[in-house]
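A short write-up of the structure that comes next.
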Amino acid sequence: MAAAYNPPGPARRTPLARFWDWLDSAHDAIFSQRNKEIFKTLAIRLSIAGFVLHLALIYLARTLDHPPAAIAQAGTNYLAAISTPFNFILFYEVLTLIAALPASTTRSIASQFEIVSLIFIRDVFRDIARAGDLVTAHKLTADTFPVFLDMWSGFFMYLLVAVFQHIASNRAETSVTAIPTHETLRFVSQKRMIAAGLAVLLLAMAVWNFGLFLYDAARTAFTGLGPMTGELTFYNDVFTVMIFTDVLVLILSLVVSGRYAMVFRNAAFVVSIILIRFSLTEGYPYGAPLAIVAMLFGVFSLLVYNYHERVTKGLAGR
């Protein structure tokens with residue numbers, strides 16, 4: 001019988017188990033408290049630098065008689081520079097979203113709702129810069145309508161995020177054991193692995209999109225051909241990736257719980273994120289209403305889930 005003893009320790013672990021441990025350690029290394037502070041400080045500094053640089057380009061575009069095409073693309077309205085820092089702030093928010101992925105599904109969805117609300121409130125500054133008459137001539141023209149639509153849409157999304165978080169904090173207590181099961185621990189480890197992979201993918205996507213932006217700017221500067229393709233599609237790509245990530249997490253969660261209410265809720269969250277992804281590429285005036293409809297669907301799905309849990313718990317207690 002002694003020959004059948006399988007001692008614990010790294011020497012007896014399978015290559016797959018060691019790889020799993022490595023991914024778990026990678027998650028801890030990427031999302032350590034020290035790295036979070038570094039990312040936060042970097043986002044703040046880049047926001048300030050981007051804001052100042054954009055203001056300088058606008059100044060040159062306004063003062064030079066014949067500004068180069070790349071400088072002219074910055075525009076002549078100083079208010080347009082306000083939207084630039086938001087791009088770096090949004091990047092930090094996306095990192096926060098990925099870090100929250102292993103915590104809970106509702107926290108992850110709430111973070112995605114927060115990001116889309118920040119995107120629309122960022123667009124308000126862009127809309128104000130485009131609708132120059134709103135500031136300079138005090139005229140209400142058709143160009144000013146997107147300002148009010150994005151402004152109130154962003155505000156309503158802000159409200160829906162608060163409602164979603166309130167509903168999530170008041171969810172019904174489920175009958176789970178105090179000690180996590182093996183399946184639950186494995187599910188958390190799988191989400192930590194996904195989060196580590198997403199972080200690497202996020203950085204790669206950011207570098208790639210920024211490289212495309214620099215190439216576009218250089219092409220415009222040297223050839224004079226324009227206009228530049230404009231805003232980066234980075235956040236559109238992020239939500240596309242999150243759709244597949246949410247689907248993967250939904251499939252993995254079936255190992256922990258295959259309850260009807262849980263499966264339906266998570267599937268509804270995926271539908272909500274898909275609609276949000278579509279809203280980012282829809283033009284005025286359809287994008288903002290579609291995003292609000294998507295968030296409302298997520299909020300009501302969570303509300304019905306909590307109601308379903310309370311009803312189920314009440315029936316089980318009879």
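Letters A, B, ... go to the chains of the structure tokens in the order shown; residues in each chain start at 1; ligands are counted from 1 in the same order.
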
Please return, as a PDB file with C-alpha atoms, in the first residue's frame, all residues of region 77-207 of chain A that DSSP assigns to helix (DSSP H, G or I) on the basis of the backbone.
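Output saved as selection-v4.pdb:
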```pdb
ATOM      1  CA  TYR A  78     -10.939  74.732 -27.020  1.00  0.00           C
ATOM      2  CA  LEU A  79     -13.851  72.798 -25.528  1.00  0.00           C
ATOM      3  CA  ALA A  80     -12.969  69.854 -27.773  1.00  0.00           C
ATOM      4  CA  ALA A  81      -9.877  69.250 -25.617  1.00  0.00           C
ATOM      5  CA  ILE A  82     -12.040  68.384 -22.617  1.00  0.00           C
ATOM      6  CA  SER A  83     -12.945  65.007 -24.123  1.00  0.00           C
ATOM      7  CA  THR A  84      -9.286  63.958 -24.459  1.00  0.00           C
ATOM      8  CA  PRO A  85      -8.609  63.228 -20.744  1.00  0.00           C
ATOM      9  CA  PHE A  86     -11.726  61.070 -20.642  1.00  0.00           C
ATOM     10  CA  ASN A  87     -10.104  58.595 -23.044  1.00  0.00           C
ATOM     11  CA  PHE A  88      -7.359  57.874 -20.520  1.00  0.00           C
ATOM     12  CA  ILE A  89      -9.810  57.827 -17.628  1.00  0.00           C
ATOM     13  CA  LEU A  90     -11.926  55.302 -19.543  1.00  0.00           C
ATOM     14  CA  PHE A  91      -8.842  53.147 -20.089  1.00  0.00           C
ATOM     15  CA  TYR A  92      -8.306  53.018 -16.319  1.00  0.00           C
ATOM     16  CA  GLU A  93     -11.986  52.203 -15.816  1.00  0.00           C
ATOM     17  CA  VAL A  94     -11.654  49.278 -18.225  1.00  0.00           C
ATOM     18  CA  LEU A  95      -8.740  47.963 -16.155  1.00  0.00           C
ATOM     19  CA  THR A  96     -10.925  48.296 -13.059  1.00  0.00           C
ATOM     20  CA  LEU A  97     -13.648  46.368 -14.867  1.00  0.00           C
ATOM     21  CA  ILE A  98     -11.270  43.504 -15.645  1.00  0.00           C
ATOM     22  CA  ALA A  99      -9.970  43.459 -12.078  1.00  0.00           C
ATOM     23  CA  ALA A 100     -13.567  43.117 -10.810  1.00  0.00           C
ATOM     24  CA  THR A 105     -21.028  38.824 -12.201  1.00  0.00           C
ATOM     25  CA  THR A 106     -23.158  41.749 -11.058  1.00  0.00           C
ATOM     26  CA  ARG A 107     -20.078  43.828 -10.168  1.00  0.00           C
ATOM     27  CA  SER A 108     -18.633  43.140 -13.616  1.00  0.00           C
ATOM     28  CA  ILE A 109     -21.867  44.147 -15.371  1.00  0.00           C
ATOM     29  CA  ALA A 110     -22.151  47.276 -13.229  1.00  0.00           C
ATOM     30  CA  SER A 111     -18.618  48.240 -14.258  1.00  0.00           C
ATOM     31  CA  GLN A 112     -19.544  47.828 -17.931  1.00  0.00           C
ATOM     32  CA  PHE A 113     -22.580  50.034 -17.386  1.00  0.00           C
ATOM     33  CA  GLU A 114     -20.334  52.627 -15.740  1.00  0.00           C
ATOM     34  CA  ILE A 115     -17.986  52.623 -18.722  1.00  0.00           C
ATOM     35  CA  VAL A 116     -20.719  53.177 -21.293  1.00  0.00           C
ATOM     36  CA  SER A 117     -22.165  56.028 -19.207  1.00  0.00           C
ATOM     37  CA  LEU A 118     -18.728  57.661 -19.131  1.00  0.00           C
ATOM     38  CA  ILE A 119     -18.432  57.240 -22.899  1.00  0.00           C
ATOM     39  CA  PHE A 120     -21.680  59.118 -23.474  1.00  0.00           C
ATOM     40  CA  ILE A 121     -20.875  61.892 -20.989  1.00  0.00           C
ATOM     41  CA  ARG A 122     -17.495  62.244 -22.718  1.00  0.00           C
ATOM     42  CA  ASP A 123     -19.303  62.660 -26.017  1.00  0.00           C
ATOM     43  CA  VAL A 124     -21.154  65.668 -24.591  1.00  0.00           C
ATOM     44  CA  PHE A 125     -17.921  67.685 -24.708  1.00  0.00           C
ATOM     45  CA  ARG A 126     -17.315  66.556 -28.272  1.00  0.00           C
ATOM     46  CA  ASP A 127     -20.864  67.563 -29.217  1.00  0.00           C
ATOM     47  CA  ILE A 128     -20.461  70.985 -27.616  1.00  0.00           C
ATOM     48  CA  ALA A 129     -17.271  71.559 -29.602  1.00  0.00           C
ATOM     49  CA  ARG A 130     -19.037  70.606 -32.822  1.00  0.00           C
ATOM     50  CA  GLY A 132     -20.082  75.978 -31.865  1.00  0.00           C
ATOM     51  CA  ASP A 133     -23.206  78.167 -32.133  1.00  0.00           C
ATOM     52  CA  LEU A 134     -24.330  76.932 -28.733  1.00  0.00           C
ATOM     53  CA  ALA A 142     -30.101  71.309 -35.154  1.00  0.00           C
ATOM     54  CA  ASP A 143     -26.404  70.798 -34.341  1.00  0.00           C
ATOM     55  CA  THR A 144     -27.113  71.395 -30.662  1.00  0.00           C
ATOM     56  CA  PHE A 145     -29.618  68.549 -30.268  1.00  0.00           C
ATOM     57  CA  PRO A 146     -26.949  65.824 -29.846  1.00  0.00           C
ATOM     58  CA  VAL A 147     -25.584  67.793 -26.883  1.00  0.00           C
ATOM     59  CA  PHE A 148     -28.818  67.513 -24.947  1.00  0.00           C
ATOM     60  CA  LEU A 149     -29.457  63.927 -26.027  1.00  0.00           C
ATOM     61  CA  ASP A 150     -26.035  62.692 -24.885  1.00  0.00           C
ATOM     62  CA  MET A 151     -26.150  64.864 -21.755  1.00  0.00           C
ATOM     63  CA  TRP A 152     -29.459  63.526 -20.469  1.00  0.00           C
ATOM     64  CA  SER A 153     -28.751  60.008 -21.718  1.00  0.00           C
ATOM     65  CA  GLY A 154     -25.483  59.961 -19.782  1.00  0.00           C
ATOM     66  CA  PHE A 155     -27.277  61.273 -16.695  1.00  0.00           C
ATOM     67  CA  PHE A 156     -30.017  58.643 -16.969  1.00  0.00           C
ATOM     68  CA  MET A 157     -27.357  55.926 -17.377  1.00  0.00           C
ATOM     69  CA  TYR A 158     -25.684  57.288 -14.240  1.00  0.00           C
ATOM     70  CA  LEU A 159     -29.009  56.836 -12.435  1.00  0.00           C
ATOM     71  CA  LEU A 160     -29.458  53.320 -13.812  1.00  0.00           C
ATOM     72  CA  VAL A 161     -25.997  52.315 -12.582  1.00  0.00           C
ATOM     73  CA  ALA A 162     -26.978  53.418  -9.072  1.00  0.00           C
ATOM     74  CA  VAL A 163     -30.299  51.544  -9.327  1.00  0.00           C
ATOM     75  CA  PHE A 164     -28.534  48.415 -10.592  1.00  0.00           C
ATOM     76  CA  GLN A 165     -26.038  48.495  -7.719  1.00  0.00           C
ATOM     77  CA  HIS A 166     -28.835  49.068  -5.194  1.00  0.00           C
ATOM     78  CA  ILE A 167     -30.765  46.072  -6.500  1.00  0.00           C
ATOM     79  CA  ALA A 168     -27.610  43.946  -6.480  1.00  0.00           C
ATOM     80  CA  SER A 169     -26.897  44.865  -2.847  1.00  0.00           C
ATOM     81  CA  HIS A 182     -14.511  22.769  -4.967  1.00  0.00           C
ATOM     82  CA  GLU A 183     -16.547  23.815  -8.011  1.00  0.00           C
ATOM     83  CA  THR A 184     -16.939  27.356  -6.667  1.00  0.00           C
ATOM     84  CA  LEU A 185     -13.206  27.728  -5.989  1.00  0.00           C
ATOM     85  CA  ARG A 186     -12.415  26.398  -9.433  1.00  0.00           C
ATOM     86  CA  PHE A 187     -14.897  28.811 -11.028  1.00  0.00           C
ATOM     87  CA  VAL A 188     -13.240  31.739  -9.246  1.00  0.00           C
ATOM     88  CA  SER A 189      -9.829  30.524 -10.416  1.00  0.00           C
ATOM     89  CA  GLN A 190     -11.135  30.290 -13.978  1.00  0.00           C
ATOM     90  CA  LYS A 191     -12.390  33.864 -13.813  1.00  0.00           C
ATOM     91  CA  ARG A 192      -9.017  34.990 -12.449  1.00  0.00           C
ATOM     92  CA  MET A 193      -7.377  33.288 -15.417  1.00  0.00           C
ATOM     93  CA  ILE A 194      -9.760  35.056 -17.811  1.00  0.00           C
ATOM     94  CA  ALA A 195      -9.065  38.394 -16.121  1.00  0.00           C
ATOM     95  CA  ALA A 196      -5.299  37.945 -16.507  1.00  0.00           C
ATOM     96  CA  GLY A 197      -5.735  37.106 -20.190  1.00  0.00           C
ATOM     97  CA  LEU A 198      -8.052  40.060 -20.695  1.00  0.00           C
ATOM     98  CA  ALA A 199      -5.530  42.420 -19.130  1.00  0.00           C
ATOM     99  CA  VAL A 200      -2.829  41.306 -21.562  1.00  0.00           C
ATOM    100  CA  LEU A 201      -5.284  41.535 -24.472  1.00  0.00           C
ATOM    101  CA  LEU A 202      -6.396  45.005 -23.344  1.00  0.00           C
ATOM    102  CA  LEU A 203      -2.842  46.316 -23.354  1.00  0.00           C
ATOM    103  CA  ALA A 204      -2.201  44.771 -26.779  1.00  0.00           C
ATOM    104  CA  MET A 205      -5.398  46.327 -28.167  1.00  0.00           C
ATOM    105  CA  ALA A 206      -4.485  49.715 -26.701  1.00  0.00           C
ATOM    106  CA  VAL A 207      -1.009  49.633 -28.256  1.00  0.00           C
TER     107      VAL A 207
END
```

Next item on the list: Find the residues around Arg62 (chain A) up to 12 Å (only C-alpha atoms counted), leave out those fewer than 2 positions away in its own chain, and share them as a ChimeraX atom specification.
Entry: /A:55-60,64-68,71-78

Item checked: Residue nearest Val241 (chain A) among A:Leu254, A:Val270, A:Ala29, A:Ile38 (counting only C-alpha atoms) -> A:Val270

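Put simply, CA of Ser301 (chain A) is 11.3 Å away from CA of Val263 (chain A).
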